[in-house]
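A short write-up of the structure that comes next.
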Amino acid sequence: MYITVKQSPIYHQMTLEEFLFQTFQGPPVINENMTNTRTYEFESASAHFTKSIDVDALVWTLARFNQSTEELREKERISLYNTFYIPKKSGGLRKINAPNPELMNALRRLKTIFEEDFKALYHTSAFAYVKKRCTVNAVERHQQNNSKWFGKLDLHDFFGSTTLDFVMDMFSMIFPFSEVVKTVNGKTELRKALELAFLDGGLPQGTPISPTITNIMMIPVDFKLSNALRNFDNQRYVYTRYADDFIISSRYEFDVHKVEELVVFTLQNFHAPFSINASKTRYGSSAGRNWNLGLMLNKDNEITVGHKKKRQFQSMLYNYITDKKKGIEWSREDVQTMQGLYSYYRMVEEKPIDAIIKHIDDKMGVDVIRMIKKDLR
């Protein structure tokens with residue numbers, strides 16, 4: 001039984017000097033990132049938790065959802081999707097199945113039911129598809145540990161390999177789904193609701209509910225791995241997961257294959273239908289090209305997008321301003337891409353990006369950010 005709750009705020013404790021000289025301005029929160037959660041493992045849910053939910057109401061909500069989506073279930077499932085392909089960074093194409101508007105609305109409703117009625121959360125080590133969390137936050141977790149050595153593991157076809165049976169098995173261990181499936185009717189309605197989210201035996205990429213389902217179902221796996229790696233092989237590790245990317249780091253060198261064996265063992269214990277994509281397993285130190293989730297944590301323990309990307313971004317800005325002065329207008333899509341890069345890069349490295357903008361403004365005699373905003377009005 002796994003119960004996940006939002007982490008309680010930790011407040012700064014007033015010192016004697018602050019009290020005497022009245023310099024204390026209020027109780028600032030120490031752990032300002034309130035997206036952190038805490039997961040507990042129990043034999044069964046205590047009365048404290050079971051009293052906080054209405055199982056009959058949750059089952060009724062699922063039943064009402066299932067009744068309202070009967071017409072969708074009668075149609076051939078693939079006919080409810082628009083399939084297309086996008087290029088992968090590693091090469092090849094990624095298949096995307098985007099639901100039609102009717103199915104999209106239904107899956108959004110199911111997502112809302114899980115998040116608001118069931119109050120479903122995620123393990124604190126999960127960073128993908130979580131509000132107020134991104135790749136930067138995941139790398140920051142390793143930065144806070146001053147990690148120097150990194151292992152990256154990747155699951156093969158994570159969404160496509162996820163089966164309905166596996167999701168039901170995992171949900172049955174996660175509160176409050178665990179209480180719903182204790183009744184025959186509850187188990188039937190939950191399975192029926194979840195089934196609508198599947199296509200060809202797996203979770204399609206391109207729906208709003210697939211990421212939510214995977215983050216919930218992986219709570220037990222994340223819990224076991226996070227706890228085991230706190231003291232594994234006489235060493236302390238930091239564990240984060242971004243969808244199917246597992247990043248495990250330490251301040252000291254380690255045997256990445258032993259860590260990989262632990263991950264495989266943990267997945268097998270839960271009868272997970274996943275396998276490690278061995279060709280993507282990486283191991284290295286911050287002294288080398290230490291890229292994780294498109295970011296680098298360098299030897300100075302700084303998170304960066306890399307010199308190459310910053311040079312390319314600077315060239316893009318020069319070309320944009322030069323074309324503008326010649327009367328050549330860029331497409332709205334290209335300007336949006338440039339604006340997106342600016343926002344993301346600045347979130348990662350505020351001072352270096354601000355310095356690039358200032359250098360360009362001074363050299364070209366413009367206000368490039370104002371130019372971009374004007375083009376996007």
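Simple scheme: letters A, B, ... for chains in structure tokens order, numbers from 1 for residues in each chain, numbers from 1 for ligands in the order shown.
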From a backbone DSSP assignment, name each residue in stretch 185-347 of chain A labelled alpha helix (DSSP H), as a PDB file with C-alpha atoms, in the first residue's frame.
```
ATOM      1  CA  ASN A 185     -18.025  -2.903  -8.910  1.00  0.00           C
ATOM      2  CA  GLY A 186     -15.208  -0.451  -8.171  1.00  0.00           C
ATOM      3  CA  LYS A 187     -12.612  -2.648  -9.862  1.00  0.00           C
ATOM      4  CA  THR A 188     -14.851  -3.099 -12.910  1.00  0.00           C
ATOM      5  CA  GLU A 189     -15.547   0.631 -13.296  1.00  0.00           C
ATOM      6  CA  LEU A 190     -11.880   1.626 -12.833  1.00  0.00           C
ATOM      7  CA  ARG A 191     -10.717  -0.914 -15.400  1.00  0.00           C
ATOM      8  CA  LYS A 192     -13.394   0.216 -17.858  1.00  0.00           C
ATOM      9  CA  ALA A 193     -12.447   3.878 -17.409  1.00  0.00           C
ATOM     10  CA  LEU A 194      -8.740   3.144 -17.897  1.00  0.00           C
ATOM     11  CA  GLU A 195      -9.367   0.976 -20.934  1.00  0.00           C
ATOM     12  CA  SER A 210      -1.093   8.748 -20.706  1.00  0.00           C
ATOM     13  CA  PRO A 211       1.498  10.779 -18.713  1.00  0.00           C
ATOM     14  CA  THR A 212      -0.840  10.960 -15.703  1.00  0.00           C
ATOM     15  CA  ILE A 213      -1.378   7.199 -15.709  1.00  0.00           C
ATOM     16  CA  THR A 214       2.361   6.462 -15.940  1.00  0.00           C
ATOM     17  CA  ASN A 215       3.268   8.866 -13.129  1.00  0.00           C
ATOM     18  CA  ILE A 216       0.681   7.246 -10.839  1.00  0.00           C
ATOM     19  CA  MET A 217       1.553   3.650 -11.708  1.00  0.00           C
ATOM     20  CA  ILE A 219       4.923   5.500  -7.629  1.00  0.00           C
ATOM     21  CA  PRO A 220       5.853   2.084  -6.121  1.00  0.00           C
ATOM     22  CA  VAL A 221       8.812   1.698  -8.499  1.00  0.00           C
ATOM     23  CA  ASP A 222      10.050   5.236  -7.822  1.00  0.00           C
ATOM     24  CA  PHE A 223       9.623   4.680  -4.073  1.00  0.00           C
ATOM     25  CA  LYS A 224      11.618   1.425  -4.046  1.00  0.00           C
ATOM     26  CA  LEU A 225      14.426   2.732  -6.237  1.00  0.00           C
ATOM     27  CA  SER A 226      14.703   6.061  -4.431  1.00  0.00           C
ATOM     28  CA  ASN A 227      14.912   4.358  -1.037  1.00  0.00           C
ATOM     29  CA  ALA A 228      17.285   1.602  -2.164  1.00  0.00           C
ATOM     30  CA  LEU A 229      19.676   4.078  -3.782  1.00  0.00           C
ATOM     31  CA  VAL A 256      26.715   1.636 -13.475  1.00  0.00           C
ATOM     32  CA  HIS A 257      26.011  -2.026 -14.266  1.00  0.00           C
ATOM     33  CA  LYS A 258      25.307  -2.778 -10.591  1.00  0.00           C
ATOM     34  CA  VAL A 259      22.869   0.123 -10.533  1.00  0.00           C
ATOM     35  CA  GLU A 260      21.302  -1.155 -13.744  1.00  0.00           C
ATOM     36  CA  GLU A 261      20.873  -4.591 -12.151  1.00  0.00           C
ATOM     37  CA  LEU A 262      19.052  -2.967  -9.217  1.00  0.00           C
ATOM     38  CA  VAL A 263      16.676  -1.176 -11.590  1.00  0.00           C
ATOM     39  CA  VAL A 264      15.992  -4.381 -13.538  1.00  0.00           C
ATOM     40  CA  PHE A 265      15.470  -6.334 -10.299  1.00  0.00           C
ATOM     41  CA  THR A 266      13.003  -3.721  -9.022  1.00  0.00           C
ATOM     42  CA  LEU A 267      11.036  -3.703 -12.273  1.00  0.00           C
ATOM     43  CA  GLN A 268      10.896  -7.501 -12.283  1.00  0.00           C
ATOM     44  CA  ASN A 269       9.628  -7.539  -8.692  1.00  0.00           C
ATOM     45  CA  HIS A 307      28.252  26.911 -25.482  1.00  0.00           C
ATOM     46  CA  LYS A 308      27.166  25.567 -28.868  1.00  0.00           C
ATOM     47  CA  LYS A 309      23.464  26.242 -28.269  1.00  0.00           C
ATOM     48  CA  LYS A 310      24.191  29.729 -26.949  1.00  0.00           C
ATOM     49  CA  ARG A 311      26.327  30.533 -30.024  1.00  0.00           C
ATOM     50  CA  GLN A 312      23.559  29.270 -32.315  1.00  0.00           C
ATOM     51  CA  PHE A 313      20.985  31.351 -30.433  1.00  0.00           C
ATOM     52  CA  GLN A 314      23.175  34.462 -30.740  1.00  0.00           C
ATOM     53  CA  SER A 315      23.564  33.868 -34.490  1.00  0.00           C
ATOM     54  CA  MET A 316      19.796  33.458 -34.794  1.00  0.00           C
ATOM     55  CA  LEU A 317      19.255  36.846 -33.147  1.00  0.00           C
ATOM     56  CA  TYR A 318      21.837  38.507 -35.436  1.00  0.00           C
ATOM     57  CA  ASN A 319      20.163  37.052 -38.526  1.00  0.00           C
ATOM     58  CA  TYR A 320      16.737  38.133 -37.311  1.00  0.00           C
ATOM     59  CA  ILE A 321      17.829  41.742 -36.716  1.00  0.00           C
ATOM     60  CA  THR A 322      19.807  41.894 -39.991  1.00  0.00           C
ATOM     61  CA  ASP A 323      16.826  40.616 -41.998  1.00  0.00           C
ATOM     62  CA  LYS A 324      14.550  43.020 -40.172  1.00  0.00           C
ATOM     63  CA  LYS A 325      16.709  45.982 -41.177  1.00  0.00           C
ATOM     64  CA  ARG A 332       5.412  34.000 -36.991  1.00  0.00           C
ATOM     65  CA  GLU A 333       6.356  30.366 -36.352  1.00  0.00           C
ATOM     66  CA  ASP A 334      10.102  31.161 -36.588  1.00  0.00           C
ATOM     67  CA  VAL A 335       9.751  34.158 -34.272  1.00  0.00           C
ATOM     68  CA  GLN A 336       7.807  32.007 -31.773  1.00  0.00           C
ATOM     69  CA  THR A 337      10.610  29.422 -31.884  1.00  0.00           C
ATOM     70  CA  MET A 338      13.179  32.136 -31.141  1.00  0.00           C
ATOM     71  CA  GLN A 339      11.031  33.492 -28.289  1.00  0.00           C
ATOM     72  CA  GLY A 340      10.690  29.978 -26.882  1.00  0.00           C
ATOM     73  CA  LEU A 341      14.451  29.430 -26.954  1.00  0.00           C
ATOM     74  CA  TYR A 342      15.006  32.780 -25.253  1.00  0.00           C
ATOM     75  CA  SER A 343      12.550  31.957 -22.442  1.00  0.00           C
ATOM     76  CA  TYR A 344      13.948  28.458 -21.894  1.00  0.00           C
ATOM     77  CA  TYR A 345      17.635  29.367 -22.107  1.00  0.00           C
ATOM     78  CA  ARG A 346      17.112  32.334 -19.779  1.00  0.00           C
ATOM     79  CA  MET A 347      15.345  30.076 -17.266  1.00  0.00           C
TER      80      MET A 347
END
```
Within 12 Å of A:Ala197 using only C-alpha atoms, minus same-chain residues under 3 positions, as a ChimeraX atom specification: /A:66,69,72-73,77-78,80-81,97-99,103-111,159-160,162-164,167,190-194,200-214
Quick one: everything within 8 Å of A:Gly284, counting only C-alpha atoms, minus sequence neighbours fewer than 6 positions away in the same chain. Send it as a short mmCIF file (atom, residue, chain, number, x, y, z; two decimals) with N, CA, C and O atoms, in the first residue's frame.
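Final output, part.cif:
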```
data_model
loop_
_atom_site.label_atom_id
_atom_site.label_comp_id
_atom_site.auth_asym_id
_atom_site.auth_seq_id
_atom_site.Cartn_x
_atom_site.Cartn_y
_atom_site.Cartn_z
N TRP A 149 29.35 12.02 -10.79
CA TRP A 149 29.28 10.85 -11.67
C TRP A 149 27.81 10.51 -11.93
O TRP A 149 27.00 10.53 -11.01
N PHE A 150 27.50 10.17 -13.18
CA PHE A 150 26.11 10.01 -13.60
C PHE A 150 25.90 8.75 -14.44
O PHE A 150 26.70 8.44 -15.32
N GLY A 151 24.81 8.07 -14.13
CA GLY A 151 24.38 6.95 -14.95
C GLY A 151 23.00 7.27 -15.51
O GLY A 151 22.14 7.78 -14.78
N ASN A 290 28.79 15.87 -19.99
CA ASN A 290 27.75 15.31 -19.12
C ASN A 290 26.37 15.89 -19.43
O ASN A 290 25.89 16.78 -18.75
#
```
Do you know which residues are at most 7 Å from A:Lys95 counting only C-alpha atoms, after dropping those on the same chain fewer than 6 positions away, and could you put them as a ChimeraX atom specification? /A:84-86
Please provide the set of residues having any atom within 7 Å of A:Met173, restricted to only C-alpha atoms, with same-chain residues fewer than 5 positions apart removed, written as a list of chain:residue names. A:Met1, A:Tyr2, A:Ser178
Please report, as a Markdown table, each residue of stretch 113-155 of chain A lying at most 10 Å from stretch 275-278 of chain A, together with the nearest pair of atoms and the separation in Å rounded to one decimal; use only C-alpha atoms, and order rows by chain and ascending residue number.
```
| residue | atom | partner | partner_atom | distance |
| --- | --- | --- | --- | --- |
| A:Leu153 | CA | A:Ile276 | CA | 6.9 |
| A:Asp154 | CA | A:Asn277 | CA | 5.5 |
| A:Leu155 | CA | A:Ile276 | CA | 4.7 |
```
If we count only C-alpha atoms, what is near A:Val55 at a cut-off of 12 Å, once residues fewer than 6 positions away on the same chain are taken out, given as a PyMOL selection string? chain A and resi 49+61-62+117-118+175-183+185-187+190
Quick one: write out the picked residues with all heavy atoms as a compact mmCIF listing (two decimals), in the first residue's frame?
```txt
# COMPACT_ATOMS: atom_id res chain seq x y z
N PHE A 49 -6.81 7.63 6.91
CA PHE A 49 -6.88 7.85 5.47
C PHE A 49 -8.21 7.38 4.89
O PHE A 49 -8.79 8.05 4.03
CB PHE A 49 -5.72 7.14 4.77
CG PHE A 49 -4.40 7.82 4.98
CD1 PHE A 49 -3.46 7.31 5.88
CD2 PHE A 49 -4.07 8.97 4.28
CE1 PHE A 49 -2.24 7.94 6.08
CE2 PHE A 49 -2.85 9.60 4.48
CZ PHE A 49 -1.93 9.09 5.38
N THR A 61 -18.54 8.20 -9.57
CA THR A 61 -17.94 9.14 -10.52
C THR A 61 -17.38 8.39 -11.73
O THR A 61 -17.55 8.82 -12.87
CB THR A 61 -16.81 9.94 -9.84
OG1 THR A 61 -17.36 10.69 -8.75
CG2 THR A 61 -16.15 10.90 -10.82
N LEU A 62 -16.71 7.26 -11.48
CA LEU A 62 -16.18 6.44 -12.57
C LEU A 62 -17.31 5.87 -13.42
O LEU A 62 -17.24 5.86 -14.65
CB LEU A 62 -15.31 5.31 -12.01
CG LEU A 62 -13.98 5.70 -11.39
CD1 LEU A 62 -13.34 4.49 -10.71
CD2 LEU A 62 -13.03 6.30 -12.42
N ASP A 117 -10.77 14.25 -8.00
CA ASP A 117 -11.59 13.37 -7.16
C ASP A 117 -10.73 12.37 -6.39
O ASP A 117 -10.92 12.17 -5.19
CB ASP A 117 -12.62 12.63 -8.02
CG ASP A 117 -13.64 13.57 -8.64
OD1 ASP A 117 -13.39 14.08 -9.74
OD2 ASP A 117 -14.68 13.81 -8.01
N PHE A 118 -9.79 11.72 -7.10
CA PHE A 118 -8.92 10.75 -6.44
C PHE A 118 -7.70 11.43 -5.80
O PHE A 118 -6.99 10.80 -5.03
CB PHE A 118 -8.43 9.71 -7.47
CG PHE A 118 -9.45 8.67 -7.80
CD1 PHE A 118 -10.48 8.95 -8.68
CD2 PHE A 118 -9.38 7.40 -7.24
CE1 PHE A 118 -11.44 7.98 -9.00
CE2 PHE A 118 -10.32 6.43 -7.56
CZ PHE A 118 -11.35 6.72 -8.44
N PHE A 175 -3.11 4.25 -2.94
CA PHE A 175 -4.28 4.87 -2.33
C PHE A 175 -4.67 6.13 -3.11
O PHE A 175 -3.80 6.88 -3.54
CB PHE A 175 -3.92 5.25 -0.88
CG PHE A 175 -5.06 5.81 -0.08
CD1 PHE A 175 -5.94 4.97 0.58
CD2 PHE A 175 -5.26 7.18 0.01
CE1 PHE A 175 -6.99 5.48 1.32
CE2 PHE A 175 -6.30 7.71 0.74
CZ PHE A 175 -7.17 6.85 1.39
N PRO A 176 -5.98 6.39 -3.34
CA PRO A 176 -7.17 5.66 -2.89
C PRO A 176 -7.69 4.64 -3.89
O PRO A 176 -8.73 4.03 -3.66
CB PRO A 176 -8.17 6.78 -2.69
CG PRO A 176 -7.85 7.74 -3.78
CD PRO A 176 -6.35 7.69 -3.94
N PHE A 177 -6.98 4.46 -5.03
CA PHE A 177 -7.40 3.44 -5.99
C PHE A 177 -7.47 2.07 -5.32
O PHE A 177 -8.31 1.24 -5.65
CB PHE A 177 -6.44 3.40 -7.18
CG PHE A 177 -6.33 4.71 -7.91
CD1 PHE A 177 -5.31 5.61 -7.61
CD2 PHE A 177 -7.24 5.04 -8.89
CE1 PHE A 177 -5.21 6.82 -8.29
CE2 PHE A 177 -7.14 6.25 -9.59
CZ PHE A 177 -6.13 7.14 -9.28
N SER A 178 -6.57 1.86 -4.36
CA SER A 178 -6.51 0.59 -3.63
C SER A 178 -7.80 0.28 -2.92
O SER A 178 -8.19 -0.90 -2.78
CB SER A 178 -5.35 0.63 -2.63
OG SER A 178 -5.50 1.74 -1.75
N GLU A 179 -8.50 1.30 -2.45
CA GLU A 179 -9.76 1.09 -1.73
C GLU A 179 -10.91 0.87 -2.72
O GLU A 179 -11.83 0.09 -2.45
CB GLU A 179 -10.06 2.30 -0.84
CG GLU A 179 -8.92 2.67 0.09
CD GLU A 179 -8.39 1.48 0.88
OE1 GLU A 179 -9.17 0.87 1.64
OE2 GLU A 179 -7.19 1.16 0.71
N VAL A 180 -10.85 1.53 -3.87
CA VAL A 180 -11.89 1.38 -4.88
C VAL A 180 -11.93 -0.04 -5.44
O VAL A 180 -13.00 -0.62 -5.63
CB VAL A 180 -11.68 2.41 -6.01
CG1 VAL A 180 -12.57 2.11 -7.22
CG2 VAL A 180 -11.97 3.82 -5.50
N VAL A 181 -10.74 -0.61 -5.70
CA VAL A 181 -10.70 -1.95 -6.33
C VAL A 181 -11.03 -3.07 -5.36
O VAL A 181 -11.12 -4.23 -5.77
CB VAL A 181 -9.31 -2.22 -6.97
CG1 VAL A 181 -9.01 -1.21 -8.05
CG2 VAL A 181 -8.20 -2.24 -5.92
N LYS A 182 -11.22 -2.75 -4.09
CA LYS A 182 -11.60 -3.78 -3.12
C LYS A 182 -13.04 -4.25 -3.33
O LYS A 182 -13.43 -5.32 -2.87
CB LYS A 182 -11.42 -3.26 -1.69
CG LYS A 182 -9.96 -3.18 -1.25
CD LYS A 182 -9.82 -2.66 0.16
CE LYS A 182 -8.35 -2.59 0.57
NZ LYS A 182 -8.18 -2.02 1.93
N THR A 183 -13.82 -3.44 -4.03
CA THR A 183 -15.18 -3.85 -4.38
C THR A 183 -15.18 -4.30 -5.83
O THR A 183 -14.46 -3.74 -6.67
CB THR A 183 -16.18 -2.69 -4.20
OG1 THR A 183 -15.90 -1.68 -5.17
CG2 THR A 183 -16.06 -2.09 -2.79
N ASN A 185 -17.51 -3.97 -8.06
CA ASN A 185 -18.02 -2.90 -8.91
C ASN A 185 -16.97 -1.82 -9.14
O ASN A 185 -16.79 -1.33 -10.25
CB ASN A 185 -19.27 -2.29 -8.27
CG ASN A 185 -20.00 -1.36 -9.23
OD1 ASN A 185 -20.04 -1.61 -10.43
ND2 ASN A 185 -20.56 -0.28 -8.71
N GLY A 186 -16.24 -1.47 -8.06
CA GLY A 186 -15.21 -0.45 -8.17
C GLY A 186 -14.10 -0.88 -9.12
O GLY A 186 -13.63 -0.08 -9.95
N LYS A 187 -13.68 -2.13 -9.00
CA LYS A 187 -12.61 -2.65 -9.86
C LYS A 187 -13.05 -2.65 -11.32
O LYS A 187 -12.29 -2.29 -12.23
CB LYS A 187 -12.22 -4.06 -9.42
CG LYS A 187 -11.00 -4.62 -10.12
CD LYS A 187 -10.58 -5.94 -9.51
CE LYS A 187 -9.29 -6.45 -10.13
NZ LYS A 187 -8.85 -7.73 -9.50
N LEU A 190 -13.22 1.04 -12.64
CA LEU A 190 -11.88 1.63 -12.83
C LEU A 190 -11.22 1.04 -14.07
O LEU A 190 -10.63 1.77 -14.88
CB LEU A 190 -11.00 1.37 -11.60
CG LEU A 190 -9.55 1.88 -11.71
CD1 LEU A 190 -9.52 3.39 -11.93
CD2 LEU A 190 -8.76 1.52 -10.46
```
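Between atom CA of A:Ser46 and atom CA of A:Ile174 the separation is 13.4 Å.
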